[in-house]
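Have a look at protein_20.cif; it's mmCIF, C-alpha atoms:
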```cif
data_protein
#
loop_
_atom_site.label_atom_id
_atom_site.label_comp_id
_atom_site.auth_asym_id
_atom_site.auth_seq_id
_atom_site.Cartn_x
_atom_site.Cartn_y
_atom_site.Cartn_z
CA MET Z 172 119.09 43.76 -158.80
CA SER Z 173 117.85 41.79 -155.77
CA GLU Z 174 119.46 44.20 -153.33
CA GLN Z 175 117.84 47.19 -155.06
CA VAL Z 176 114.40 45.59 -154.84
CA LEU Z 177 114.81 44.98 -151.10
CA ALA Z 178 116.26 48.43 -150.47
CA VAL Z 179 113.20 50.00 -152.09
CA ALA Z 180 110.87 47.80 -150.04
CA SER Z 181 112.76 48.61 -146.87
CA ASP Z 182 112.68 52.36 -147.55
CA ALA Z 183 108.96 52.23 -148.33
CA SER Z 184 108.13 50.31 -145.18
CA ARG Z 185 110.28 52.60 -143.00
CA SER Z 186 107.61 55.30 -143.27
CA ARG Z 187 105.05 52.95 -141.69
CA ARG Z 188 107.11 51.85 -138.68
CA GLY Z 189 105.03 51.26 -135.59
CA VAL Z 190 101.98 50.12 -137.57
CA ALA Z 191 100.51 46.67 -136.92
CA ALA Z 192 100.84 43.94 -139.56
CA ALA Z 193 98.24 44.15 -142.31
CA ARG Z 194 98.00 40.37 -142.61
CA GLU Z 195 99.11 37.05 -141.17
CA PRO Z 196 101.98 35.27 -142.92
CA ASP Z 197 100.93 32.23 -144.94
CA ALA Z 198 102.69 28.86 -144.79
CA ILE Z 199 105.26 29.79 -147.45
CA ASP Z 200 105.98 33.13 -145.74
CA ARG Z 201 106.58 31.22 -142.50
CA ARG Z 202 109.00 28.81 -144.18
CA LEU Z 203 110.81 31.78 -145.73
CA ILE Z 204 111.04 33.65 -142.41
CA ASN Z 205 112.48 30.55 -140.74
CA ALA Z 206 114.99 30.07 -143.58
CA LEU Z 207 116.16 33.70 -143.47
CA GLN Z 208 117.14 33.65 -139.80
CA GLY Z 209 120.76 32.90 -139.16
CA ASP Z 210 122.68 31.32 -141.98
CA PHE Z 211 121.81 33.70 -144.83
CA PRO Z 212 124.06 32.77 -147.78
CA LEU Z 213 126.92 35.16 -148.44
CA THR Z 214 127.11 34.49 -152.15
CA ALA Z 215 126.63 36.38 -155.41
CA THR Z 216 123.04 35.05 -155.57
CA PRO Z 217 121.78 34.73 -151.98
CA PHE Z 218 118.08 34.99 -152.83
CA ALA Z 219 118.40 32.35 -155.54
CA ASP Z 220 120.21 30.13 -153.03
CA VAL Z 221 117.44 30.57 -150.42
CA ALA Z 222 114.83 29.98 -153.12
CA ALA Z 223 116.49 26.72 -154.17
CA THR Z 224 116.43 25.37 -150.61
CA LEU Z 225 112.70 26.12 -150.37
CA GLY Z 226 111.71 24.99 -153.87
CA LEU Z 227 110.75 28.52 -154.92
CA ALA Z 228 111.81 30.93 -157.65
CA GLU Z 229 114.21 33.73 -156.75
CA THR Z 230 111.62 36.28 -157.92
CA GLU Z 231 109.04 34.79 -155.54
CA VAL Z 232 111.43 34.99 -152.58
CA ILE Z 233 112.15 38.66 -153.34
CA ALA Z 234 108.45 39.44 -153.91
CA ARG Z 235 107.46 37.73 -150.66
CA ILE Z 236 110.09 39.60 -148.65
CA ARG Z 237 108.92 42.88 -150.22
CA SER Z 238 105.28 42.01 -149.47
CA MET Z 239 106.04 41.06 -145.86
CA LEU Z 240 107.91 44.36 -145.36
CA ASP Z 241 105.14 46.38 -147.03
CA ASP Z 242 102.45 44.59 -144.99
CA ARG Z 243 104.46 44.92 -141.75
CA VAL Z 244 104.65 41.14 -141.29
CA LEU Z 245 108.38 41.87 -141.08
CA THR Z 246 109.53 45.18 -139.64
CA ARG Z 247 113.09 44.80 -140.84
CA PHE Z 248 115.17 42.63 -143.13
CA GLY Z 249 118.92 43.02 -142.98
CA PRO Z 250 122.11 42.07 -141.22
CA MET Z 251 122.88 42.55 -137.54
CA PHE Z 252 126.20 44.23 -136.87
CA GLN Z 253 128.28 44.77 -133.75
CA ILE Z 254 128.12 48.49 -134.22
CA GLU Z 255 130.66 49.23 -131.49
CA ARG Z 256 133.36 47.45 -133.52
CA MET Z 257 132.70 49.97 -136.29
CA GLY Z 258 132.87 52.97 -133.95
CA GLY Z 259 129.14 53.35 -133.34
CA ALA Z 260 126.88 52.75 -130.36
CA PHE Z 261 123.61 51.15 -129.25
CA CYS Z 262 121.60 52.24 -126.24
CA LEU Z 263 118.32 51.13 -124.71
CA ALA Z 264 116.00 54.08 -124.11
CA ALA Z 265 112.65 54.56 -122.42
CA MET Z 266 109.99 57.24 -122.09
CA ALA Z 267 106.88 57.81 -119.99
CA VAL Z 268 104.28 58.65 -122.63
CA PRO Z 269 100.82 59.90 -121.63
CA GLU Z 270 98.10 57.72 -123.15
CA ALA Z 271 96.47 60.66 -124.91
CA GLU Z 272 99.76 61.39 -126.72
CA TRP Z 273 100.74 57.79 -127.48
CA GLY Z 274 100.03 57.74 -131.23
CA ALA Z 275 101.70 61.07 -131.95
CA VAL Z 276 104.76 60.18 -129.86
CA VAL Z 277 105.12 56.77 -131.55
CA GLU Z 278 105.12 58.48 -134.95
CA ALA Z 279 107.57 61.17 -133.82
CA VAL Z 280 110.01 58.71 -132.22
CA ASN Z 281 109.82 56.19 -135.05
CA ALA Z 282 110.54 58.94 -137.59
CA PHE Z 283 114.15 58.96 -136.36
CA ALA Z 284 116.30 56.63 -138.46
CA GLU Z 285 118.36 55.86 -135.33
CA VAL Z 286 115.36 54.27 -133.56
CA ALA Z 287 114.75 50.53 -133.67
CA HIS Z 288 112.72 47.98 -131.75
CA ASN Z 289 110.11 50.35 -130.31
CA TYR Z 290 107.85 48.51 -127.85
CA ARG Z 291 104.97 49.42 -125.58
CA ARG Z 292 105.24 48.21 -121.98
CA GLU Z 293 102.88 48.11 -119.02
CA HIS Z 294 104.98 50.31 -116.77
CA ARG Z 295 105.36 53.99 -115.94
CA LEU Z 296 108.11 53.96 -118.59
CA ASN Z 297 105.76 52.58 -121.23
CA MET Z 298 107.78 53.15 -124.42
CA TRP Z 299 111.09 51.31 -124.84
CA PHE Z 300 113.29 51.48 -127.93
CA VAL Z 301 116.89 51.06 -129.05
CA LEU Z 302 119.00 53.91 -130.39
CA ALA Z 303 121.80 53.07 -132.83
CA THR Z 304 124.23 55.74 -133.97
CA GLU Z 305 127.42 55.98 -136.01
CA ARG Z 306 129.33 57.53 -133.09
CA PRO Z 307 128.88 57.02 -129.32
CA GLU Z 308 128.19 60.74 -128.80
CA GLY Z 309 125.32 60.43 -131.29
CA ILE Z 310 123.19 58.67 -128.66
CA SER Z 311 122.80 61.76 -126.46
CA ASP Z 312 122.27 63.93 -129.55
CA VAL Z 313 119.38 61.78 -130.80
CA ALA Z 314 117.88 61.61 -127.31
CA ARG Z 315 117.94 65.43 -127.08
CA ARG Z 316 116.32 65.72 -130.52
CA ILE Z 317 113.57 63.26 -129.54
CA GLU Z 318 112.97 65.24 -126.35
CA ALA Z 319 112.75 68.47 -128.36
CA VAL Z 320 110.17 66.98 -130.74
CA THR Z 321 108.05 65.18 -128.13
CA GLY Z 322 108.48 67.38 -125.08
CA LEU Z 323 109.12 64.20 -123.06
CA GLN Z 324 112.24 63.02 -121.25
CA VAL Z 325 114.23 60.19 -122.85
CA ARG Z 326 115.92 57.97 -120.28
CA LEU Z 327 119.04 56.20 -121.50
CA PHE Z 328 120.15 52.77 -120.30
CA PRO Z 329 123.61 52.14 -121.76
CA LYS Z 330 124.91 48.61 -122.08
CA GLU Z 331 127.13 47.57 -119.18
CA ARG Z 332 127.99 44.09 -120.43
CA GLU Z 333 127.28 42.18 -123.63
CA TYR Z 334 125.96 38.64 -123.91
CA PHE Z 335 125.51 36.74 -127.14
CA VAL Z 336 122.24 34.85 -127.36
CA GLU Z 337 121.44 33.60 -130.82
CA MET Z 338 117.70 33.93 -130.99
CA LYS Z 339 115.76 32.43 -133.84
CA LEU Z 340 111.98 32.68 -133.78
CA GLU Z 341 109.82 29.97 -135.30
CA ALA Z 342 107.33 31.67 -137.62
#
```

Output the file's structure as structure tokens, nothing else.
Amino acid sequence: MSEQVLAVASDASRSRRGVAAAREPDAIDRRLINALQGDFPLTATPFADVAATLGLAETEVIARIRSMLDDRVLTRFGPMFQIERMGGAFCLAAMAVPEAEWGAVVEAVNAFAEVAHNYRREHRLNMWFVLATERPEGISDVARRIEAVTGLQVRLFPKEREYFVEMKLEA
């Protein structure tokens, strides 16, 4: 049941990608965010296990995660995989987006399920995002489809070397 609740929340929030958070996380949200990074329990009842460590009810943990996804406090909740080991690919991509077209291009790019981590930068290439596909050849396919929809060139920056840096952010 817990997984279904989060899947629904994740699917609902996916349509609002690129939108700023609707609220600030409260103290309990912050504790929950900190607890969810890294050592998420791989058990039959992971949300109950997290709840027990925080002195909360399982239903509250699930409701708070759903609320943070819906309110864009969290943009994603899920595992990180080494996609290449499963036959897929990641690629950093960038675009030069005219200011007048920014909003429409953000919506168009973020509508692709293969797009993650879309950020605005102060540079000629002002939109940077990650493409993740099931097959390596999918990267160029998605880039071409984004170009067709936006009319803008997608520049691809494939990974040359991988480094592991476990990054946990204090909420």

* To do: Choose the residue, out of Z:Val244, Z:Ala279, Z:Ala264, Z:Ala284, that has the smallest atom-to-atom separation from Asn297 (chain Z); count all atoms listed in the file.
  =>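 For Asn297 (chain Z), the nearest of the candidates is Z:Ala264.
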
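The space between CA of Arg295 (chain Z) and CA of Pro269 (chain Z) spans 9.4 Å.
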
Identify all residues satisfying the PyMOL selection byres ((chain Z and resi 262) around 9) in the given file; provide them as a compact mmCIF listing (two decimals) with C-alpha atoms, in the coordinates of the input.
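Output (expr_17.txt):
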```txt
# COMPACT_ATOMS: atom_id res chain seq x y z
CA ALA Z 260 126.88 52.75 -130.36
CA PHE Z 261 123.61 51.15 -129.25
CA LEU Z 263 118.32 51.13 -124.71
CA ALA Z 264 116.00 54.08 -124.11
CA PHE Z 300 113.29 51.48 -127.93
CA VAL Z 301 116.89 51.06 -129.05
CA LEU Z 302 119.00 53.91 -130.39
CA ALA Z 303 121.80 53.07 -132.83
CA THR Z 304 124.23 55.74 -133.97
CA ILE Z 310 123.19 58.67 -128.66
CA LEU Z 327 119.04 56.20 -121.50
CA PHE Z 328 120.15 52.77 -120.30
CA PRO Z 329 123.61 52.14 -121.76
CA LYS Z 330 124.91 48.61 -122.08
```

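Minimum atom-to-atom distance to Met298 (chain Z), evaluated using all atoms listed in the file, belongs to Z:Val276 out of Z:Leu240, Z:Val276, Z:Leu225, Z:Leu207.
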
* Could you state which residues are captured by the PyMOL selection byres ((chain Z and resi 205) around 12) in this file, as an NGL selection string? => :Z and (196 or 198-204 or 206-211 or 221 or 224-225 or 338-342)
